[in-house]
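K.L.:
File work-v9.cif follows (mmCIF, C-alpha atoms and all ligand atoms):
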```cif
data_start
loop_
_atom_site.label_atom_id
_atom_site.label_comp_id
_atom_site.auth_asym_id
_atom_site.auth_seq_id
_atom_site.Cartn_x
_atom_site.Cartn_y
_atom_site.Cartn_z
CA MET A 621 38.53 11.67 10.54
CA THR A 622 35.36 13.77 10.75
CA VAL A 623 33.00 13.35 7.78
CA HIS A 624 30.96 16.48 7.20
CA PRO A 625 27.36 16.00 6.11
CA SER A 626 26.38 16.79 2.54
CA ALA A 627 24.08 19.77 2.00
CA ARG A 628 21.21 17.28 1.43
CA ILE A 629 21.74 15.57 4.77
CA ALA A 630 22.34 18.81 6.64
CA ARG A 631 19.08 20.20 5.22
CA ALA A 632 17.10 17.13 6.22
CA VAL A 633 18.49 17.06 9.75
CA ALA A 634 17.87 20.80 10.13
CA ALA A 635 14.20 20.14 9.29
CA LEU A 636 13.77 17.69 12.17
CA PRO A 637 11.86 19.16 15.12
CA LEU A 638 14.50 18.03 17.64
CA ARG A 639 14.16 18.72 21.34
CA PRO A 640 16.44 17.75 24.24
CA GLY A 641 15.60 14.34 25.67
CA MET A 642 14.15 12.95 22.47
CA ARG A 643 14.75 9.37 21.39
CA VAL A 644 15.34 9.36 17.65
CA LEU A 645 15.24 6.41 15.23
CA GLU A 646 17.03 6.68 11.89
CA ILE A 647 16.04 4.10 9.29
CA GLY A 648 18.58 3.22 6.58
CA CYS A 649 21.42 5.13 8.19
CA GLY A 650 24.15 4.06 5.75
CA PRO A 651 27.52 5.14 7.17
CA GLY A 652 25.88 7.12 9.97
CA VAL A 653 26.48 10.69 8.80
CA ALA A 654 22.93 11.93 9.51
CA ALA A 655 22.76 10.17 12.87
CA ARG A 656 25.94 11.93 13.99
CA GLU A 657 24.64 15.24 12.65
CA VAL A 658 21.52 14.88 14.81
CA LEU A 659 23.74 14.57 17.88
CA GLN A 660 25.75 17.61 16.79
CA ARG A 661 22.63 19.72 16.39
CA MET A 662 20.88 18.91 19.65
CA GLU A 663 22.30 18.11 23.07
CA GLY A 664 20.44 15.56 25.15
CA VAL A 665 19.09 13.62 22.16
CA THR A 666 19.84 9.93 21.75
CA VAL A 667 19.76 8.09 18.42
CA VAL A 668 19.27 4.48 17.41
CA ALA A 669 20.25 4.11 13.76
CA ILE A 670 19.39 0.99 11.80
CA ASP A 671 20.38 -0.38 8.44
CA ARG A 672 19.71 -3.77 6.87
CA SER A 673 23.23 -3.84 5.43
CA ALA A 674 25.95 -5.21 7.72
CA ARG A 675 28.50 -3.42 5.55
CA SER A 676 26.82 -0.06 6.13
CA ILE A 677 26.65 -0.67 9.85
CA ALA A 678 30.34 -1.64 9.92
CA LEU A 679 31.17 1.70 8.27
CA ALA A 680 28.88 3.55 10.66
CA LEU A 681 30.49 1.91 13.68
CA ARG A 682 33.96 2.75 12.40
CA GLY A 683 33.11 6.43 12.04
CA SER A 684 31.15 6.85 15.26
CA GLN A 685 33.33 5.57 18.08
CA LYS A 686 33.21 8.84 20.03
CA GLU A 687 29.42 9.12 19.81
CA ILE A 688 28.90 5.46 20.71
CA ALA A 689 31.22 5.81 23.70
CA SER A 690 29.17 8.80 24.86
CA GLY A 691 26.13 6.54 25.12
CA ARG A 692 24.08 8.72 22.77
CA LEU A 693 24.32 6.61 19.60
CA GLU A 694 23.62 2.97 18.90
CA PHE A 695 23.59 1.09 15.59
CA ARG A 696 21.62 -2.05 14.82
CA THR A 697 21.77 -4.27 11.73
CA VAL A 698 18.12 -4.84 10.90
CA ALA A 699 15.62 -4.01 8.16
CA ILE A 700 12.80 -1.73 9.19
CA GLU A 701 10.37 -4.47 8.12
CA ASP A 702 11.80 -6.60 10.96
CA PHE A 703 12.49 -3.90 13.51
CA GLU A 704 11.20 -4.37 17.06
CA LEU A 705 11.84 -2.55 20.30
CA LYS A 706 13.95 -4.47 22.80
CA ALA A 707 12.24 -5.68 25.97
CA GLY A 708 11.46 -2.64 28.11
CA GLU A 709 12.82 -0.19 25.55
CA PRO A 710 10.86 3.09 25.38
CA ARG A 711 9.20 4.08 22.12
CA PHE A 712 10.80 6.71 19.89
CA ASP A 713 9.71 10.36 19.74
CA LEU A 714 10.93 10.95 16.21
CA ALA A 715 12.00 8.85 13.23
CA PHE A 716 13.47 9.71 9.87
CA ALA A 717 14.53 7.95 6.68
CA LEU A 718 16.55 9.51 3.88
CA ARG A 719 16.57 7.79 0.50
CA VAL A 720 15.14 4.53 1.78
CA GLY A 721 12.86 2.77 -0.71
CA ALA A 722 10.73 1.01 1.90
CA LEU A 723 9.64 4.38 3.27
CA ASP A 724 9.56 6.72 0.31
CA GLY A 725 7.05 4.79 -1.79
CA ARG A 726 9.41 2.99 -4.15
CA HIS A 727 8.68 -0.41 -2.57
CA PRO A 728 5.00 -0.45 -1.52
CA ALA A 729 4.90 -3.97 -0.04
CA ALA A 730 7.96 -3.32 2.11
CA GLY A 731 6.41 0.04 2.95
CA ARG A 732 3.30 -1.55 4.43
CA LEU A 733 5.42 -3.75 6.70
CA ALA A 734 7.66 -0.83 7.60
CA ARG A 735 4.72 1.35 8.61
CA GLN A 736 3.33 -1.42 10.81
CA ARG A 737 6.70 -1.71 12.57
CA LEU A 738 6.84 2.05 13.00
CA ARG A 739 3.37 2.21 14.51
CA GLU A 740 4.62 -0.24 17.14
CA ALA A 741 7.96 1.48 17.75
CA LEU A 742 6.98 5.17 17.73
CA ASP A 743 5.25 7.05 20.48
CA PRO A 744 1.71 8.21 19.67
CA GLY A 745 2.22 11.69 18.28
CA ALA A 746 5.77 10.91 17.17
CA PHE A 747 7.13 12.70 14.12
CA LEU A 748 8.21 10.80 11.02
CA LEU A 749 10.21 12.49 8.29
CA VAL A 750 10.77 10.75 4.96
CA ASP A 751 12.55 12.55 2.15
CA ASP A 752 10.44 11.63 -0.81
CA LEU A 753 12.57 13.56 -3.29
CA PRO A 754 11.19 17.16 -3.16
CA PRO A 755 13.57 19.28 -1.09
CA VAL A 756 12.83 18.70 2.55
CA ALA A 757 13.46 22.30 3.53
CA ALA A 758 10.64 23.47 1.27
CA ARG A 759 8.05 21.50 3.21
CA ASP A 760 5.97 22.78 6.07
CA LEU A 761 6.69 20.21 8.75
CA SER A 762 4.72 21.77 11.57
CA PRO A 763 2.48 19.26 13.33
CA ASP A 764 -0.78 20.88 12.26
CA SER A 765 0.03 21.48 8.63
CA ALA A 766 -1.69 19.55 5.87
CA THR A 767 1.70 18.61 4.46
CA ALA A 768 2.90 17.12 7.72
CA CYS A 769 -0.23 15.05 8.22
CA PRO A 770 -1.67 14.35 4.79
CA ALA A 771 -4.95 12.68 3.95
CA GLY A 772 -4.79 9.06 5.00
CA ALA A 773 -2.60 9.68 8.00
CA ALA A 774 -5.32 10.28 10.55
CA ASP A 775 -6.96 6.88 10.27
CA GLU A 776 -3.63 5.12 10.68
CA GLY A 777 -2.86 6.62 14.07
CA THR A 778 -1.26 9.80 15.23
CA ILE A 779 2.15 9.49 13.62
CA ARG A 780 2.81 12.56 11.50
CA ALA A 781 4.56 12.02 8.25
CA SER A 782 5.98 14.02 5.41
CA VAL A 783 4.59 11.40 3.03
CA PRO A 784 1.19 9.67 3.09
CA PHE A 785 1.36 7.14 5.86
C1 LIG A 801 20.62 5.21 -0.62
S1 LIG A 801 21.26 4.70 0.94
C2 LIG A 801 20.97 6.18 1.91
C3 LIG A 801 21.84 6.28 3.11
C4 LIG A 801 21.59 7.53 3.96
N1 LIG A 801 20.28 7.47 4.57
C5 LIG A 801 21.69 8.78 3.13
O1 LIG A 801 20.69 9.46 2.90
O2 LIG A 801 22.80 9.06 2.66
C6 LIG A 801 19.98 3.64 1.56
C7 LIG A 801 20.38 2.91 2.84
O3 LIG A 801 19.22 2.35 3.40
C8 LIG A 801 19.46 0.99 3.69
N2 LIG A 801 18.16 0.32 3.56
C9 LIG A 801 17.47 0.12 2.41
N3 LIG A 801 16.31 -0.47 2.67
C10 LIG A 801 16.26 -0.67 4.01
C11 LIG A 801 15.31 -1.26 4.88
N4 LIG A 801 14.19 -1.78 4.39
N5 LIG A 801 15.56 -1.28 6.21
C12 LIG A 801 16.73 -0.76 6.68
N6 LIG A 801 17.68 -0.22 5.90
C13 LIG A 801 17.44 -0.16 4.58
C14 LIG A 801 20.49 0.54 2.69
O4 LIG A 801 21.20 -0.59 3.13
C15 LIG A 801 21.35 1.79 2.57
O5 LIG A 801 22.38 1.80 3.55
#
```
Could I get this structure in the form of structure tokens?
Ligand SMILES: C[S@@+](CC[C@H](N)C(=O)[O-])C[C@H]1O[C@@H](n2cnc3c(N)ncnc32)[C@H](O)[C@@H]1O
P.N.:
Amino acid sequence: MTVHPSARIARAVAALPLRPGMRVLEIGCGPGVAAREVLQRMEGVTVVAIDRSARSIALALRGSQKEIASGRLEFRTVAIEDFELKAGEPRFDLAFALRVGALDGRHPAAGRLARQRLREALDPGAFLLVDDLPPVAARDLSPDSATACPAGAADEGTIRASVPF
């Protein structure tokens, strides 16, 4: 059965600057609805979606057999604080997290670990989108905008974020 994305998830995925060939990391994917929506929106993109909950990943796997079989979607059970690229695995071009406390400022200590892992896993210049409660679609996410790269981001590397990074 196809699960259609909620308006919230559809809006967030529509705000991602997707391009063919991108490697995308979703953090805290839950049942995988946003990850599948990314594949729907852009051909030639591949997604690795992680969640620390084995139950969430089991649900995601159950609902994503077609996408997994296509080779474009992979799920991993791991917290972002522990996430590492596999040996020889290329870095990601884009990452996003929707309603994940380690990224949206609700859990600062976990957030520091998460950002360190992301600096190691994302390509320099990669795009990071975190929905920190204001509506994503209202934000200017262009690479050069002050919102996309707020104060504090520059000295942490070149990852652009929709929240201070
Ligand atoms: C509120 S749900 C949101 C699910 C989905 N992103 C959405 O927007 O509907 C948060 C999800 O993030 C996962 N999660 C929370 N903290 C995490 C972390 N530190 N690393 C990976 N996954 C995490 C939870 O297990 C849960 O599946």
K.L.:
Quick one: distance from CA of His624 in chain A to CA of Phe703 in chain A in Å, one decimal?
P.N.:
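It comes out at 28.2 Å.
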K.L.:
Using all atoms listed in the file, which residues have at least one atom no more than 10 Å from ligand LIG 801 (chain A)? Output them as a ChimeraX atom specification.
P.N.:
/A:625-626,628-629,632,646-655,669-677,679-680,696-703,716-723,727,730-731,733-734,751
K.L.:
Next, write the just-selected residues to a file, as a short mmCIF file (atom, residue, chain, number, x, y, z; two decimals), in the frame of the given file, keeping C-alpha atoms as the atom set.
P.N.:
```
data_model
loop_
_atom_site.label_atom_id
_atom_site.label_comp_id
_atom_site.auth_asym_id
_atom_site.auth_seq_id
_atom_site.Cartn_x
_atom_site.Cartn_y
_atom_site.Cartn_z
CA PRO A 625 27.36 16.00 6.11
CA SER A 626 26.38 16.79 2.54
CA ARG A 628 21.21 17.28 1.43
CA ILE A 629 21.74 15.57 4.77
CA ALA A 632 17.10 17.13 6.22
CA GLU A 646 17.03 6.68 11.89
CA ILE A 647 16.04 4.10 9.29
CA GLY A 648 18.58 3.22 6.58
CA CYS A 649 21.42 5.13 8.19
CA GLY A 650 24.15 4.06 5.75
CA PRO A 651 27.52 5.14 7.17
CA GLY A 652 25.88 7.12 9.97
CA VAL A 653 26.48 10.69 8.80
CA ALA A 654 22.93 11.93 9.51
CA ALA A 655 22.76 10.17 12.87
CA ALA A 669 20.25 4.11 13.76
CA ILE A 670 19.39 0.99 11.80
CA ASP A 671 20.38 -0.38 8.44
CA ARG A 672 19.71 -3.77 6.87
CA SER A 673 23.23 -3.84 5.43
CA ALA A 674 25.95 -5.21 7.72
CA ARG A 675 28.50 -3.42 5.55
CA SER A 676 26.82 -0.06 6.13
CA ILE A 677 26.65 -0.67 9.85
CA LEU A 679 31.17 1.70 8.27
CA ALA A 680 28.88 3.55 10.66
CA ARG A 696 21.62 -2.05 14.82
CA THR A 697 21.77 -4.27 11.73
CA VAL A 698 18.12 -4.84 10.90
CA ALA A 699 15.62 -4.01 8.16
CA ILE A 700 12.80 -1.73 9.19
CA GLU A 701 10.37 -4.47 8.12
CA ASP A 702 11.80 -6.60 10.96
CA PHE A 703 12.49 -3.90 13.51
CA PHE A 716 13.47 9.71 9.87
CA ALA A 717 14.53 7.95 6.68
CA LEU A 718 16.55 9.51 3.88
CA ARG A 719 16.57 7.79 0.50
CA VAL A 720 15.14 4.53 1.78
CA GLY A 721 12.86 2.77 -0.71
CA ALA A 722 10.73 1.01 1.90
CA LEU A 723 9.64 4.38 3.27
CA HIS A 727 8.68 -0.41 -2.57
CA ALA A 730 7.96 -3.32 2.11
CA GLY A 731 6.41 0.04 2.95
CA LEU A 733 5.42 -3.75 6.70
CA ALA A 734 7.66 -0.83 7.60
CA ASP A 751 12.55 12.55 2.15
#
```
K.L.:
Can you tell me how far CA of Leu659 in chain A sits from CA of Arg692 in chain A, in Å to one decimal?
P.N.:
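These two atoms are separated by 7.6 Å.
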K.L.:
Take every atom of range 657-666 of chain A listed in the file, pad by 5 Å on each side, and give me the axis-aligned box centre and edge lengths in Å, one decimal, as JSON.
P.N.:
```
{"center_x": 22.4, "center_y": 14.8, "center_z": 18.9, "size_x": 16.7, "size_y": 19.8, "size_z": 22.5}
```
K.L.:
So, with only C-alpha atoms as the atoms that count, which of A:Leu749, A:Val623, A:Arg656, A:Gly708 lies closest to Lys686 in chain A?
P.N.:
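The answer is A:Arg656, which sits nearest to Lys686 in chain A.
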K.L.:
May I ask for the distance between CA of Ala746 in chain A and CA of Leu636 in chain A, given in Å to one decimal place?
P.N.:
11.6 Å
K.L.:
Out of A:Val658, A:Met642, A:Val750, A:Leu705, which residue has the shortest atom-to-atom distance to Arg737 in chain A when counting all atoms listed in the file?
P.N.:
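Between A:Val658, A:Met642, A:Val750, A:Leu705, the residue approaching Arg737 in chain A most closely is A:Leu705.
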